[in-house]
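What follows is work_4.cif (mmCIF, C-alpha atoms and all ligand atoms).
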data_structure
#
loop_
_atom_site.label_atom_id
_atom_site.label_comp_id
_atom_site.auth_asym_id
_atom_site.auth_seq_id
_atom_site.Cartn_x
_atom_site.Cartn_y
_atom_site.Cartn_z
CA MET A 241 -45.92 15.45 -45.35
CA THR A 242 -43.56 13.29 -47.43
CA LEU A 243 -43.55 14.58 -50.95
CA PRO A 244 -43.24 12.01 -53.73
CA ARG A 245 -39.98 12.33 -55.65
CA THR A 246 -39.55 11.64 -59.36
CA PRO A 247 -37.88 8.24 -59.84
CA SER A 248 -34.45 8.35 -61.45
CA PHE A 249 -33.99 8.65 -65.19
CA ARG A 250 -30.28 7.75 -64.69
CA LEU A 251 -28.47 4.49 -65.44
CA ASP A 252 -25.17 5.00 -63.63
CA GLY A 253 -23.48 1.65 -62.89
CA LYS A 254 -25.77 -0.23 -65.30
CA ARG A 255 -24.71 -2.28 -68.31
CA ALA A 256 -26.69 -2.04 -71.54
CA LEU A 257 -26.55 -4.02 -74.79
CA VAL A 258 -27.85 -2.45 -78.00
CA THR A 259 -28.12 -4.37 -81.28
CA GLY A 260 -28.10 -2.56 -84.59
CA ALA A 261 -26.02 0.06 -82.81
CA SER A 262 -24.03 1.10 -85.87
CA SER A 263 -26.94 2.94 -87.46
CA GLY A 264 -30.26 4.71 -87.11
CA ILE A 265 -32.44 3.99 -84.09
CA GLY A 266 -29.91 1.58 -82.54
CA LEU A 267 -27.19 4.21 -82.62
CA ALA A 268 -29.56 6.78 -81.10
CA SER A 269 -30.60 4.28 -78.40
CA ALA A 270 -26.96 3.61 -77.55
CA MET A 271 -26.29 7.34 -77.25
CA ALA A 272 -29.37 7.86 -75.07
CA LEU A 273 -28.39 5.07 -72.66
CA ALA A 274 -24.75 6.17 -72.50
CA GLU A 275 -25.76 9.79 -71.88
CA ALA A 276 -27.95 8.51 -69.03
CA GLY A 277 -24.82 6.99 -67.46
CA ALA A 278 -24.87 3.35 -68.61
CA HIS A 279 -21.88 1.41 -69.92
CA VAL A 280 -23.12 0.45 -73.38
CA VAL A 281 -22.02 -2.51 -75.48
CA LEU A 282 -22.64 -1.68 -79.13
CA ALA A 283 -23.50 -4.75 -81.21
CA ALA A 284 -23.87 -5.19 -84.97
CA ARG A 285 -22.35 -7.32 -87.70
CA SER A 286 -19.61 -4.95 -88.82
CA LEU A 287 -16.92 -4.15 -86.26
CA ASP A 288 -15.49 -1.44 -88.53
CA LYS A 289 -18.63 0.68 -88.38
CA LEU A 290 -19.04 0.03 -84.64
CA GLU A 291 -15.45 1.10 -83.91
CA GLY A 292 -16.12 4.41 -85.65
CA VAL A 293 -19.22 5.02 -83.54
CA ALA A 294 -17.43 3.90 -80.36
CA SER A 295 -14.50 6.24 -80.85
CA GLU A 296 -16.84 9.22 -81.39
CA MET A 297 -18.78 8.29 -78.25
CA ARG A 298 -15.60 7.87 -76.19
CA ALA A 299 -14.53 11.36 -77.31
CA LEU A 300 -17.66 12.57 -75.46
CA ASN A 301 -16.48 10.66 -72.34
CA LEU A 302 -19.20 8.04 -72.79
CA SER A 303 -18.46 4.47 -71.71
CA VAL A 304 -18.75 1.94 -74.56
CA ASP A 305 -17.45 -1.37 -75.92
CA VAL A 306 -18.12 -3.04 -79.24
CA LEU A 307 -19.31 -6.58 -79.99
CA ALA A 308 -19.57 -8.27 -83.40
CA MET A 309 -22.91 -10.04 -83.46
CA ASP A 310 -25.16 -11.39 -86.19
CA VAL A 311 -28.50 -11.77 -84.41
CA SER A 312 -29.68 -14.31 -86.97
CA ASP A 313 -26.99 -16.74 -85.70
CA THR A 314 -28.91 -17.63 -82.57
CA ALA A 315 -26.52 -20.35 -81.35
CA ALA A 316 -23.54 -17.98 -81.45
CA VAL A 317 -25.58 -15.19 -79.83
CA SER A 318 -26.67 -17.42 -76.93
CA ALA A 319 -23.10 -18.66 -76.35
CA THR A 320 -21.72 -15.10 -76.43
CA ILE A 321 -24.25 -13.74 -73.94
CA ALA A 322 -23.80 -16.74 -71.61
CA SER A 323 -20.07 -15.95 -71.43
CA MET A 324 -20.46 -12.24 -70.60
CA PRO A 325 -21.39 -10.32 -67.45
CA ALA A 326 -25.17 -9.79 -67.33
CA PHE A 327 -26.86 -6.83 -68.98
CA ASP A 328 -29.36 -4.74 -66.99
CA VAL A 329 -30.79 -3.25 -70.17
CA LEU A 330 -31.24 -4.66 -73.68
CA VAL A 331 -32.39 -2.77 -76.75
CA ASN A 332 -33.18 -5.01 -79.72
CA SER A 333 -32.90 -2.58 -82.63
CA ALA A 334 -31.28 -4.82 -85.28
CA GLY A 335 -33.94 -5.19 -87.91
CA MET A 336 -34.72 -5.23 -91.58
CA ALA A 337 -37.57 -4.75 -94.04
CA LYS A 338 -38.22 -6.34 -97.43
CA ASN A 339 -41.18 -4.38 -98.69
CA SER A 340 -43.38 -5.80 -101.45
CA SER A 341 -47.00 -6.65 -102.06
CA ALA A 342 -48.08 -9.78 -100.20
CA ILE A 343 -48.52 -11.62 -103.51
CA GLU A 344 -44.96 -10.86 -104.59
CA THR A 345 -43.32 -11.88 -101.31
CA THR A 346 -40.62 -14.50 -101.81
CA GLU A 347 -40.06 -17.18 -99.22
CA SER A 348 -36.43 -16.14 -98.83
CA ASN A 349 -37.43 -12.52 -98.07
CA PHE A 350 -40.05 -13.77 -95.62
CA ASP A 351 -37.45 -15.93 -93.84
CA ALA A 352 -34.84 -13.15 -93.80
CA VAL A 353 -37.18 -10.64 -92.15
CA GLN A 354 -38.58 -13.09 -89.59
CA GLY A 355 -35.08 -14.46 -88.93
CA ILE A 356 -33.81 -11.07 -87.74
CA ASN A 357 -36.87 -9.16 -86.52
CA VAL A 358 -38.51 -12.07 -84.68
CA LYS A 359 -36.16 -15.02 -84.19
CA GLY A 360 -33.06 -12.91 -83.63
CA ALA A 361 -34.74 -10.62 -81.10
CA TYR A 362 -36.48 -13.57 -79.42
CA PHE A 363 -33.39 -15.65 -78.69
CA LEU A 364 -31.20 -12.69 -77.73
CA THR A 365 -33.88 -11.55 -75.27
CA VAL A 366 -34.04 -15.05 -73.81
CA ALA A 367 -30.23 -15.23 -73.52
CA VAL A 368 -30.06 -11.87 -71.70
CA ALA A 369 -32.97 -12.82 -69.41
CA LYS A 370 -31.34 -16.17 -68.57
CA ARG A 371 -28.23 -14.41 -67.23
CA LEU A 372 -30.38 -12.06 -65.14
CA ILE A 373 -32.42 -14.96 -63.77
CA GLU A 374 -29.24 -16.91 -62.88
CA LEU A 375 -28.03 -13.92 -60.88
CA GLY A 376 -31.44 -12.98 -59.44
CA GLN A 377 -31.18 -9.51 -60.96
CA PRO A 378 -33.93 -7.30 -62.39
CA GLY A 379 -33.67 -5.84 -65.88
CA SER A 380 -35.39 -3.87 -68.61
CA LEU A 381 -35.59 -5.46 -72.06
CA ILE A 382 -36.78 -3.22 -74.89
CA ASN A 383 -37.80 -4.30 -78.37
CA ILE A 384 -37.83 -1.71 -81.12
CA SER A 385 -41.06 -2.82 -82.72
CA SER A 386 -43.04 -0.44 -84.96
CA GLN A 387 -46.41 1.19 -85.44
CA MET A 388 -46.63 -1.67 -88.00
CA GLY A 389 -46.86 -4.01 -85.00
CA HIS A 390 -50.35 -2.54 -84.47
CA VAL A 391 -51.71 -1.66 -87.90
CA GLY A 392 -51.21 -2.73 -91.52
CA GLY A 393 -49.36 -0.78 -94.18
CA ILE A 394 -48.86 -0.68 -97.93
CA ASP A 395 -46.40 -3.37 -99.10
CA ARG A 396 -45.77 -4.28 -95.48
CA ALA A 397 -47.34 -7.76 -95.01
CA VAL A 398 -44.04 -9.44 -94.11
CA TYR A 399 -42.80 -6.55 -91.99
CA CYS A 400 -46.18 -6.26 -90.20
CA ALA A 401 -46.15 -10.01 -89.54
CA SER A 402 -42.73 -9.66 -87.91
CA LYS A 403 -43.60 -6.66 -85.74
CA HIS A 404 -46.99 -8.07 -84.64
CA ALA A 405 -45.00 -11.15 -83.55
CA VAL A 406 -42.62 -8.92 -81.57
CA GLU A 407 -45.61 -7.38 -79.78
CA GLY A 408 -46.91 -10.84 -78.87
CA MET A 409 -43.63 -12.25 -77.60
CA THR A 410 -43.06 -9.06 -75.58
CA LYS A 411 -46.33 -9.50 -73.71
CA ALA A 412 -45.76 -13.25 -73.11
CA MET A 413 -42.20 -12.72 -71.82
CA ALA A 414 -43.36 -9.82 -69.63
CA ILE A 415 -45.89 -12.14 -67.97
CA GLU A 416 -43.32 -14.93 -67.59
CA TRP A 417 -40.62 -12.80 -65.98
CA GLY A 418 -42.69 -10.17 -64.15
CA ARG A 419 -42.23 -11.67 -60.68
CA LEU A 420 -38.48 -11.75 -61.31
CA GLY A 421 -38.40 -7.99 -61.86
CA ILE A 422 -37.51 -8.35 -65.52
CA ARG A 423 -39.60 -5.93 -67.56
CA VAL A 424 -40.17 -6.32 -71.30
CA ASN A 425 -41.66 -3.55 -73.45
CA THR A 426 -41.73 -2.30 -77.01
CA ILE A 427 -41.19 1.09 -78.58
CA CYS A 428 -43.29 1.57 -81.69
CA PRO A 429 -41.93 4.27 -83.96
CA THR A 430 -43.64 5.73 -86.98
CA PHE A 431 -41.51 6.40 -90.08
CA ILE A 432 -38.16 7.69 -88.87
CA LEU A 433 -35.59 8.92 -91.36
CA THR A 434 -32.77 6.30 -91.26
CA PRO A 435 -30.93 4.20 -93.89
CA LEU A 436 -33.75 1.61 -93.53
CA THR A 437 -36.46 4.04 -94.69
CA GLN A 438 -34.51 6.28 -97.08
CA ALA A 439 -35.80 4.37 -100.14
CA THR A 440 -39.42 4.80 -98.99
CA PHE A 441 -38.95 8.53 -98.34
CA ASP A 442 -37.48 8.85 -101.85
CA GLN A 443 -40.79 7.78 -103.45
CA PRO A 444 -43.17 10.78 -103.70
CA ASP A 445 -46.36 8.69 -103.41
CA LYS A 446 -45.04 6.93 -100.28
CA LEU A 447 -43.87 10.20 -98.75
CA ALA A 448 -47.35 11.69 -99.32
CA TRP A 449 -48.91 8.62 -97.62
CA ILE A 450 -46.57 9.02 -94.65
CA GLU A 451 -47.11 12.77 -94.26
CA GLU A 452 -50.88 12.35 -94.52
CA ASN A 453 -50.95 9.77 -91.71
CA ILE A 454 -48.61 11.36 -89.18
CA LYS A 455 -50.97 13.66 -87.30
CA LEU A 456 -48.17 15.88 -85.99
CA GLY A 457 -47.37 16.70 -89.61
CA ARG A 458 -43.72 15.73 -89.83
CA VAL A 459 -41.68 12.57 -90.27
CA GLY A 460 -39.71 11.19 -87.34
CA ARG A 461 -36.04 11.68 -86.50
CA VAL A 462 -33.97 9.32 -84.36
CA GLU A 463 -33.94 11.90 -81.55
CA ASP A 464 -37.70 11.30 -81.19
CA ILE A 465 -36.95 7.78 -79.89
CA MET A 466 -34.24 8.64 -77.37
CA GLY A 467 -36.44 9.81 -74.49
CA ALA A 468 -38.62 6.71 -74.82
CA VAL A 469 -35.55 4.46 -74.55
CA VAL A 470 -34.33 6.21 -71.38
CA TYR A 471 -37.82 6.11 -69.84
CA LEU A 472 -38.29 2.37 -70.42
CA ALA A 473 -34.72 1.53 -69.34
CA THR A 474 -34.88 3.34 -66.00
CA GLU A 475 -36.73 3.28 -62.68
CA ALA A 476 -38.98 5.99 -64.16
CA SER A 477 -40.98 3.16 -65.77
CA ALA A 478 -40.73 0.70 -62.85
CA LEU A 479 -44.39 -0.45 -63.12
CA VAL A 480 -44.44 -0.64 -66.92
CA THR A 481 -44.16 -4.07 -68.52
CA GLY A 482 -45.76 -5.83 -71.47
CA SER A 483 -46.50 -2.38 -72.87
CA ALA A 484 -46.12 -0.77 -76.26
CA LEU A 485 -44.97 2.85 -76.22
CA MET A 486 -46.22 4.48 -79.41
CA VAL A 487 -43.83 7.10 -80.79
CA ASP A 488 -45.85 7.47 -83.95
CA GLY A 489 -46.87 11.11 -84.24
CA GLY A 490 -50.47 9.96 -83.83
CA TRP A 491 -50.44 7.53 -86.81
CA THR A 492 -52.30 4.76 -84.97
CA ALA A 493 -54.72 7.18 -83.28
CA GLY A 494 -56.52 7.85 -86.55
P1 LIG B 1 -31.00 0.84 -89.86
O1 LIG B 1 -30.94 0.08 -91.15
O2 LIG B 1 -30.47 2.23 -89.80
O3 LIG B 1 -30.33 0.00 -88.71
C1 LIG B 1 -30.50 -1.37 -88.64
C2 LIG B 1 -29.35 -1.92 -87.87
O4 LIG B 1 -29.54 -3.32 -87.72
C3 LIG B 1 -27.99 -1.72 -88.56
O5 LIG B 1 -27.04 -1.34 -87.59
C4 LIG B 1 -27.68 -3.12 -89.09
O6 LIG B 1 -26.29 -3.36 -89.16
C5 LIG B 1 -28.31 -3.96 -88.00
N1 LIG B 1 -28.56 -5.33 -88.42
C6 LIG B 1 -29.27 -5.75 -89.50
N2 LIG B 1 -29.22 -7.08 -89.55
C7 LIG B 1 -28.49 -7.50 -88.49
C8 LIG B 1 -28.09 -8.77 -88.02
N3 LIG B 1 -28.42 -9.90 -88.65
N4 LIG B 1 -27.37 -8.81 -86.87
C9 LIG B 1 -27.01 -7.69 -86.23
N5 LIG B 1 -27.34 -6.47 -86.64
C10 LIG B 1 -28.07 -6.38 -87.77
O7 LIG B 1 -32.55 0.81 -89.47
P2 LIG B 1 -33.37 1.58 -88.34
O8 LIG B 1 -34.36 2.39 -89.03
O9 LIG B 1 -32.50 2.19 -87.32
O10 LIG B 1 -34.15 0.34 -87.71
C11 LIG B 1 -33.88 -0.13 -86.41
C12 LIG B 1 -35.12 -0.85 -85.90
O11 LIG B 1 -36.19 0.07 -85.83
C13 LIG B 1 -35.57 -2.01 -86.77
O12 LIG B 1 -35.99 -3.08 -85.94
C14 LIG B 1 -36.76 -1.42 -87.51
O13 LIG B 1 -37.68 -2.41 -87.90
C15 LIG B 1 -37.32 -0.49 -86.45
N6 LIG B 1 -38.15 0.58 -86.95
C16 LIG B 1 -37.65 1.51 -87.80
C17 LIG B 1 -38.48 2.52 -88.25
C18 LIG B 1 -38.01 3.59 -89.18
O14 LIG B 1 -38.85 4.30 -89.72
N7 LIG B 1 -36.71 3.76 -89.39
C19 LIG B 1 -39.81 2.58 -87.84
C20 LIG B 1 -40.29 1.62 -86.97
C21 LIG B 1 -39.44 0.63 -86.52
#

Structure re-expressed in structure tokens:
Amino acid sequence: MTLPRTPSFRLDGKRALVTGASSGIGLASAMALAEAGAHVVLAARSLDKLEGVASEMRALNLSVDVLAMDVSDTAAVSATIASMPAFDVLVNSAGMAKNSSAIETTESNFDAVQGINVKGAYFLTVAVAKRLIELGQPGSLINISSQMGHVGGIDRAVYCASKHAVEGMTKAMAIEWGRLGIRVNTICPTFILTPLTQATFDQPDKLAWIEENIKLGRVGRVEDIMGAVVYLATEASALVTGSALMVDGGWTAG
């Protein structure tokens, strides 16, 4: 009898690009991929912050480079990616929130959030996929979406609009590129303690709302996302595409 063997959770010899890698979930994703053996290119707007992260990662013998990238500048992003060796793995973690009631939403806040969370992720994903398609290579493209891509939330109309859009484009791209072996998925975290959410956690009424809704009874930490990133990036998830992996402590189950 031939026993089935667990597919590899390793990424040795693979190249990964992570946006928003200077902080929070992006930094954790970069660490997870590098620890799984990938060469990771850390991208964000500030090279200073990225250099600090890169030197700490190199001290652990992890293989990294840095890349200054503003994902809202889609023309520059496309040109940069077209000029680089292809990436086997992409994690779109650059993101922002401008939380307010729907009635108080300004047009400039709406445009800023959509410009990064949707448009930025969209055109970077396309640029990375184009290189893979040119070379006839497979790949795994991961969008850090949110539980708010599946449900609504207080003061979150703009943010929810952006993450529901990320869920939609993920499915459409997964269909388009499936036969080419390019997989596209989302990870949907609940509230994770990072600089993005610190202000929300600092408000007692919001913290109570969060703790009440997370069925496992605790808020998230960036480490909670790392296994999901490795799973979706590797052969372990070879038949998974167009999917949303909820890492939400049960928020959307209730
Ligand atoms: P964070 O603020 O710690 O990190 C965001 C990163 O994005 C930073 O490195 C920042 O420099 C980068 N960034 C912002 N604008 C950019 C731009 N124009 N170009 C390039 N980089 C840019 O936030 P985080 O909590 O780690 O969030 C990462 C992602 O996870 C976001 O997409 C966010 O919506 C999503 N998310 C976060 C939570 C949470 O609770 N923290 C929950 C669900 C989803």

Contacts of segment 422-436 of chain A at 8 Å or less, counting all atoms listed in the file, minus same-chain residues fewer than 6 places along, as a ChimeraX atom specification? /A:263-265,336-337,369,377-389,407,410-411,413-414,450,454,459-462,465,468-469,472,480-489,491

Please compute the atom CA of Asp351 of chain A-atom CA of Val398 of chain A distance, one decimal, in Å.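 Computing the Euclidean distance for atom CA of Asp351 of chain A and atom CA of Val398 of chain A yields 9.3 Å.
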
Put the listed atoms of ligand LIG 1 (chain B) in a box along x, y and z with 5 Å added on every side and give me the centre and edge lengths in Å to one decimal, as lines of an AutoDock Vina configuration file.
center_x = -33.3
center_y = -2.8
center_z = -88.5
size_x = 24.0
size_y = 24.2
size_z = 15.3

Rank A:Thr437, A:Asn301, A:Thr346, A:Thr320 by their smallest atom-to-atom distance to ligand LIG 1 (chain B), using all atoms listed in the file, and report the top residue only.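 Of all the options, A:Thr437 lies closest to ligand LIG 1 (chain B).
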
The distance between atom CA of Lys359 of chain A and atom C14 of ligand LIG 1 (chain B) is 14.0 Å

With distances taken over all atoms listed in the file, which residue among A:Ala299, A:Ala315, A:Ala342, A:Val358 lies nearest ligand LIG 1 (chain B)?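 Answer, going by the shortest atom-to-atom distance: A:Val358.
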
Would you list the contacts of Phe350 of chain A as a ChimeraX atom specification, taking every protein, DNA or RNA residue within 10 Å and counting only C-alpha atoms, but skipping same-chain residues closer than 6 positions in sequence? /A:337-339,397-399,401-402

Print the selection's residues with C-alpha atoms to a file, as a PDB file, in the frame of the given file.
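Writing done, so here's out_11.pdb:
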ATOM      1  CA  ALA A 337     -37.570  -4.750 -94.040  1.00  0.00           C
ATOM      2  CA  LYS A 338     -38.220  -6.340 -97.430  1.00  0.00           C
ATOM      3  CA  ASN A 339     -41.180  -4.380 -98.690  1.00  0.00           C
ATOM      4  CA  ALA A 397     -47.340  -7.760 -95.010  1.00  0.00           C
ATOM      5  CA  VAL A 398     -44.040  -9.440 -94.110  1.00  0.00           C
ATOM      6  CA  TYR A 399     -42.800  -6.550 -91.990  1.00  0.00           C
ATOM      7  CA  ALA A 401     -46.150 -10.010 -89.540  1.00  0.00           C
ATOM      8  CA  SER A 402     -42.730  -9.660 -87.910  1.00  0.00           C
TER       9      SER A 402
END

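Atom CA of Ala334 of chain A lies 10.8 Å from atom CA of Val353 of chain A.
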
Show me the residues around (-33.5, 13.5, -74.3) - criterion: an atom at most 12 Å away, all atoms listed in the file counted - as a VMD selection string. chain A and resid 249 to 250 268 to 269 271 to 276 462 to 471
